[in-house]
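Novice: Below you'll find the structure I mean.
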Amino acid sequence: PVTPPARQSGSPAAEAETQEPTVVLPLEVTESPAPRDPLSIESQSVKGNVLTLHVRHGGGCKEHRYGLAWDGRFTKTAEGEPRAELTLLHDANNDRCKALIYKDLAFDLSTLQQEWSEKGHGDHATLHLDFNGVPEQSATFKF
């Protein structure tokens, strides 16, 4: 049987191609981030106040939801640099399909800068960003 064109245009692969680059999502401040389904961060970059993460995960049959959470605390790295631990949130919506999905996610880091200033640390800093507790997955946010 032939798949009707309307259905093809709504396929996950077609959506993934048309959704790049993604909308810039807000940073969620919460002490207890939502549960997360597995995904890997392939690369990360920061330009201005926007963090872009290139991620990979399984799926392809259902719509996935993404987010980035911060517990509201600034800590220090082993070297004494200011640090924020971020949790990448992924809800696979019970997608059991096995296709490898690659996606660019963009997040607004303005909240970190605002909180840094409000906590009396000044208007400028270089923050070390760690993701999901994995030291190899980190970025630097300068403001």
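To be explicit about the labels: the chains of the structure tokens are called A, B, and onward in the order shown, and within each one the residues are counted from 1, while ligands get numbers from 1 in the order they are shown.
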Mind checking which residues fall within 9 Å of stretch 134-141 of chain A, counting only C-alpha atoms, ignoring those fewer than 4 positions away in the same chain, and posting them as a short mmCIF file (atom, residue, chain, number, x, y, z; two decimals) with N, CA and C atoms, in the first residue's frame?

Specialist:
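Here's the written file around-v3.cif:
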data_model
loop_
_atom_site.label_atom_id
_atom_site.label_comp_id
_atom_site.auth_asym_id
_atom_site.auth_seq_id
_atom_site.Cartn_x
_atom_site.Cartn_y
_atom_site.Cartn_z
N ILE A 41 24.27 13.77 24.93
CA ILE A 41 24.66 15.08 24.40
C ILE A 41 25.85 14.85 23.49
N GLU A 42 25.68 15.13 22.21
CA GLU A 42 26.75 14.95 21.22
C GLU A 42 27.71 16.13 21.24
N SER A 43 27.17 17.35 21.37
CA SER A 43 28.01 18.55 21.43
C SER A 43 27.19 19.68 22.04
N GLN A 44 27.89 20.72 22.47
CA GLN A 44 27.23 21.86 23.07
C GLN A 44 27.99 23.13 22.74
N SER A 45 27.26 24.26 22.69
CA SER A 45 27.90 25.55 22.46
C SER A 45 27.05 26.63 23.09
N VAL A 46 27.70 27.74 23.44
CA VAL A 46 26.99 28.89 24.01
C VAL A 46 27.33 30.10 23.16
N LYS A 47 26.29 30.80 22.70
CA LYS A 47 26.46 32.06 21.97
C LYS A 47 25.55 33.07 22.63
N GLY A 48 26.14 34.11 23.21
CA GLY A 48 25.34 35.08 23.96
C GLY A 48 24.70 34.38 25.14
N ASN A 49 23.38 34.50 25.28
CA ASN A 49 22.65 33.86 26.37
C ASN A 49 22.01 32.55 25.96
N LEU A 51 22.22 28.58 24.95
CA LEU A 51 22.94 27.31 24.96
C LEU A 51 22.30 26.41 23.92
N LEU A 109 19.77 31.08 28.73
CA LEU A 109 20.50 31.05 29.99
C LEU A 109 20.39 32.35 30.78
N ALA A 125 30.61 37.26 34.86
CA ALA A 125 31.21 36.02 35.37
C ALA A 125 31.47 35.07 34.21
N THR A 126 32.25 34.05 34.51
CA THR A 126 32.41 32.91 33.62
C THR A 126 31.94 31.70 34.41
N LEU A 127 30.78 31.18 34.04
CA LEU A 127 30.18 30.04 34.74
C LEU A 127 30.51 28.75 34.03
N HIS A 128 30.91 27.75 34.79
CA HIS A 128 31.13 26.41 34.27
C HIS A 128 29.78 25.68 34.34
N LEU A 129 29.29 25.18 33.23
CA LEU A 129 28.00 24.48 33.18
C LEU A 129 28.24 22.98 33.03
N ASP A 130 27.72 22.21 33.97
CA ASP A 130 27.78 20.75 33.89
C ASP A 130 26.39 20.22 33.58
#

Novice: Which neighbours of A:Trp70 fall inside 8 Å, counting only C-alpha atoms, when residues of the same chain fewer than 4 positions from it are skipped, and could you give them as a PDB file with N, CA and C atoms, in the first residue's frame?

Specialist:
ATOM      1  N   LEU A  27      14.929  28.188  30.720  1.00  0.00           N
ATOM      2  CA  LEU A  27      15.568  27.365  31.743  1.00  0.00           C
ATOM      3  C   LEU A  27      14.590  27.252  32.902  1.00  0.00           C
ATOM      4  N   GLU A  28      14.311  26.032  33.334  1.00  0.00           N
ATOM      5  CA  GLU A  28      13.384  25.790  34.439  1.00  0.00           C
ATOM      6  C   GLU A  28      14.183  25.739  35.738  1.00  0.00           C
ATOM      7  N   VAL A  29      13.763  26.492  36.747  1.00  0.00           N
ATOM      8  CA  VAL A  29      14.439  26.469  38.041  1.00  0.00           C
ATOM      9  C   VAL A  29      13.603  25.614  38.984  1.00  0.00           C
ATOM     10  N   THR A  30      14.158  24.469  39.376  1.00  0.00           N
ATOM     11  CA  THR A  30      13.452  23.539  40.261  1.00  0.00           C
ATOM     12  C   THR A  30      14.463  22.682  41.012  1.00  0.00           C
ATOM     13  N   GLU A  31      14.177  22.406  42.277  1.00  0.00           N
ATOM     14  CA  GLU A  31      15.075  21.562  43.066  1.00  0.00           C
ATOM     15  C   GLU A  31      14.923  20.090  42.720  1.00  0.00           C
ATOM     16  N   PRO A  33      14.010  18.139  39.431  1.00  0.00           N
ATOM     17  CA  PRO A  33      13.640  18.044  38.014  1.00  0.00           C
ATOM     18  C   PRO A  33      12.834  16.781  37.723  1.00  0.00           C
ATOM     19  N   ALA A  84      27.361  25.812  37.679  1.00  0.00           N
ATOM     20  CA  ALA A  84      25.927  25.531  37.764  1.00  0.00           C
ATOM     21  C   ALA A  84      25.694  24.143  37.178  1.00  0.00           C
ATOM     22  N   GLU A  85      24.995  23.306  37.932  1.00  0.00           N
ATOM     23  CA  GLU A  85      24.668  21.951  37.475  1.00  0.00           C
ATOM     24  C   GLU A  85      23.297  21.991  36.805  1.00  0.00           C
ATOM     25  N   LEU A  86      23.257  21.614  35.534  1.00  0.00           N
ATOM     26  CA  LEU A  86      22.014  21.635  34.765  1.00  0.00           C
ATOM     27  C   LEU A  86      21.579  20.206  34.456  1.00  0.00           C
ATOM     28  N   THR A  87      20.282  19.981  34.426  1.00  0.00           N
ATOM     29  CA  THR A  87      19.737  18.665  34.109  1.00  0.00           C
ATOM     30  C   THR A  87      18.937  18.765  32.821  1.00  0.00           C
TER      31      THR A  87
END

Novice: Which residues are near A:Ala92? Cut-off 10 Å, only C-alpha atoms, ignore same chain within fewer than 6 positions. Put them as a list in words.

Specialist: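 Skipping anything fewer than 6 positions along the chain leaves Arg36, Asp37, Pro38, Leu39, His57, Gly58, Gly59, Gly60, Cys61, Lys62, Glu63, His64, Arg65 and Tyr66 of chain A.
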
Novice: Write the residues of the preceding selection, restricted to N, CA and C atoms, as a short mmCIF file (atom, residue, chain, number, x, y, z; two decimals), in the first residue's frame.

Specialist:
data_model
loop_
_atom_site.label_atom_id
_atom_site.label_comp_id
_atom_site.auth_asym_id
_atom_site.auth_seq_id
_atom_site.Cartn_x
_atom_site.Cartn_y
_atom_site.Cartn_z
N ARG A 36 13.74 11.72 33.67
CA ARG A 36 14.19 11.88 32.29
C ARG A 36 14.46 10.54 31.64
N ASP A 37 14.11 10.49 30.37
CA ASP A 37 14.41 9.31 29.57
C ASP A 37 15.82 9.48 29.00
N PRO A 38 16.48 8.37 28.62
CA PRO A 38 17.86 8.44 28.16
C PRO A 38 18.04 9.28 26.90
N LEU A 39 19.14 10.02 26.87
CA LEU A 39 19.60 10.70 25.67
C LEU A 39 21.06 11.06 25.89
N HIS A 57 19.04 10.34 20.65
CA HIS A 57 18.27 9.38 21.45
C HIS A 57 17.50 8.46 20.51
N GLY A 58 16.99 7.38 21.07
CA GLY A 58 16.16 6.46 20.30
C GLY A 58 14.74 6.98 20.21
N GLY A 59 14.01 6.47 19.24
CA GLY A 59 12.60 6.86 19.09
C GLY A 59 12.20 6.91 17.64
N GLY A 60 11.34 7.88 17.32
CA GLY A 60 10.92 8.07 15.94
C GLY A 60 9.43 7.88 15.71
N CYS A 61 8.70 7.40 16.72
CA CYS A 61 7.27 7.14 16.51
C CYS A 61 6.36 8.10 17.27
N LYS A 62 6.88 8.78 18.27
CA LYS A 62 6.05 9.69 19.07
C LYS A 62 6.77 11.02 19.26
N GLU A 63 6.01 12.03 19.65
CA GLU A 63 6.59 13.34 19.90
C GLU A 63 7.31 13.34 21.25
N HIS A 64 8.53 13.81 21.26
CA HIS A 64 9.33 13.88 22.49
C HIS A 64 9.31 15.31 23.02
N ARG A 65 9.43 15.45 24.35
CA ARG A 65 9.50 16.77 24.97
C ARG A 65 10.85 16.92 25.65
N TYR A 66 11.37 18.15 25.61
CA TYR A 66 12.69 18.43 26.15
C TYR A 66 12.62 19.64 27.07
#

Novice: Please return, as a PyMOL selection string, all residues of chain A that DSSP assigns to strand (DSSP E or B) on the basis of the backbone.

Specialist: chain A and resi 24-29+40-47+50-59+65-70+75-76+82-91+99-108+126-131+134-142

Novice: Could you work out how far atom CA of A:Pro82 lies from atom CA of A:Gly120, giving the answer in Å with one decimal?

Specialist: 13.4 Å

Novice: Which residue is closest to A:Val24? Choose from A:Asp91, A:Glu81, A:Asp71, A:Asp104 and count only C-alpha atoms.

Specialist: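 Among A:Asp91, A:Glu81, A:Asp71, A:Asp104, it is A:Asp104 that comes nearest to A:Val24.
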
Novice: Using only C-alpha atoms, which protein or nucleic acid residues come within 9 Å of A:Ser40? Drop anything in the same chain fewer than 3 positions from it, and give the result as a VMD selection string.

Specialist: chain A and resid 54 to 57

Novice: Only C-alpha atoms, please: the residues just picked out, written as a PDB file, in the first residue's frame.

Specialist:
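Once written, again-v5.pdb looks like this:
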ATOM      1  CA  HIS A  54      23.053  18.612  19.848  1.00  0.00           C
ATOM      2  CA  VAL A  55      21.456  15.476  21.301  1.00  0.00           C
ATOM      3  CA  ARG A  56      20.858  11.879  20.231  1.00  0.00           C
ATOM      4  CA  HIS A  57      18.275   9.382  21.446  1.00  0.00           C
TER       5      HIS A  57
END

Novice: To test your reading of the structure, identify every residue in stretch 5-116 of chain A that backbone DSSP assigns to helix (DSSP H, G or I), and report it as a PDB file with C-alpha atoms, in the first residue's frame.

Specialist:
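Below you can see part_25.pdb, which holds the result:
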ATOM      1  CA  PRO A   5       1.264  12.325   1.045  1.00  0.00           C
ATOM      2  CA  ALA A   6      -0.410  14.057   4.021  1.00  0.00           C
ATOM      3  CA  ARG A   7       0.795  11.290   6.296  1.00  0.00           C
ATOM      4  CA  GLN A   8       4.344  11.392   4.905  1.00  0.00           C
ATOM      5  CA  SER A   9       4.697  15.111   5.621  1.00  0.00           C
ATOM      6  CA  PRO A  12       8.927  12.066  12.518  1.00  0.00           C
ATOM      7  CA  ALA A  13      11.833  12.207  10.052  1.00  0.00           C
ATOM      8  CA  ALA A  14      10.212  15.030   8.071  1.00  0.00           C
ATOM      9  CA  GLU A  15       9.358  16.888  11.289  1.00  0.00           C
ATOM     10  CA  ALA A  16      12.937  16.573  12.549  1.00  0.00           C
ATOM     11  CA  GLU A  17      14.237  18.127   9.334  1.00  0.00           C
ATOM     12  CA  THR A  18      11.750  20.995   9.334  1.00  0.00           C
ATOM     13  CA  SER A 110      19.423  34.580  31.014  1.00  0.00           C
ATOM     14  CA  THR A 111      18.031  33.210  34.296  1.00  0.00           C
ATOM     15  CA  LEU A 112      21.547  32.171  35.370  1.00  0.00           C
ATOM     16  CA  GLN A 113      22.899  35.658  34.713  1.00  0.00           C
ATOM     17  CA  GLN A 114      19.957  37.267  36.528  1.00  0.00           C
ATOM     18  CA  GLU A 115      20.293  34.999  39.582  1.00  0.00           C
ATOM     19  CA  TRP A 116      24.066  35.521  39.674  1.00  0.00           C
TER      20      TRP A 116
END

Novice: Using only C-alpha atoms, which residue out of A:Ala78, A:Ala34, A:Leu25, A:Ile101 lies closest to A:Val50?

Specialist: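 Ranking A:Ala78, A:Ala34, A:Leu25, A:Ile101 by distance to A:Val50, first place goes to A:Leu25.
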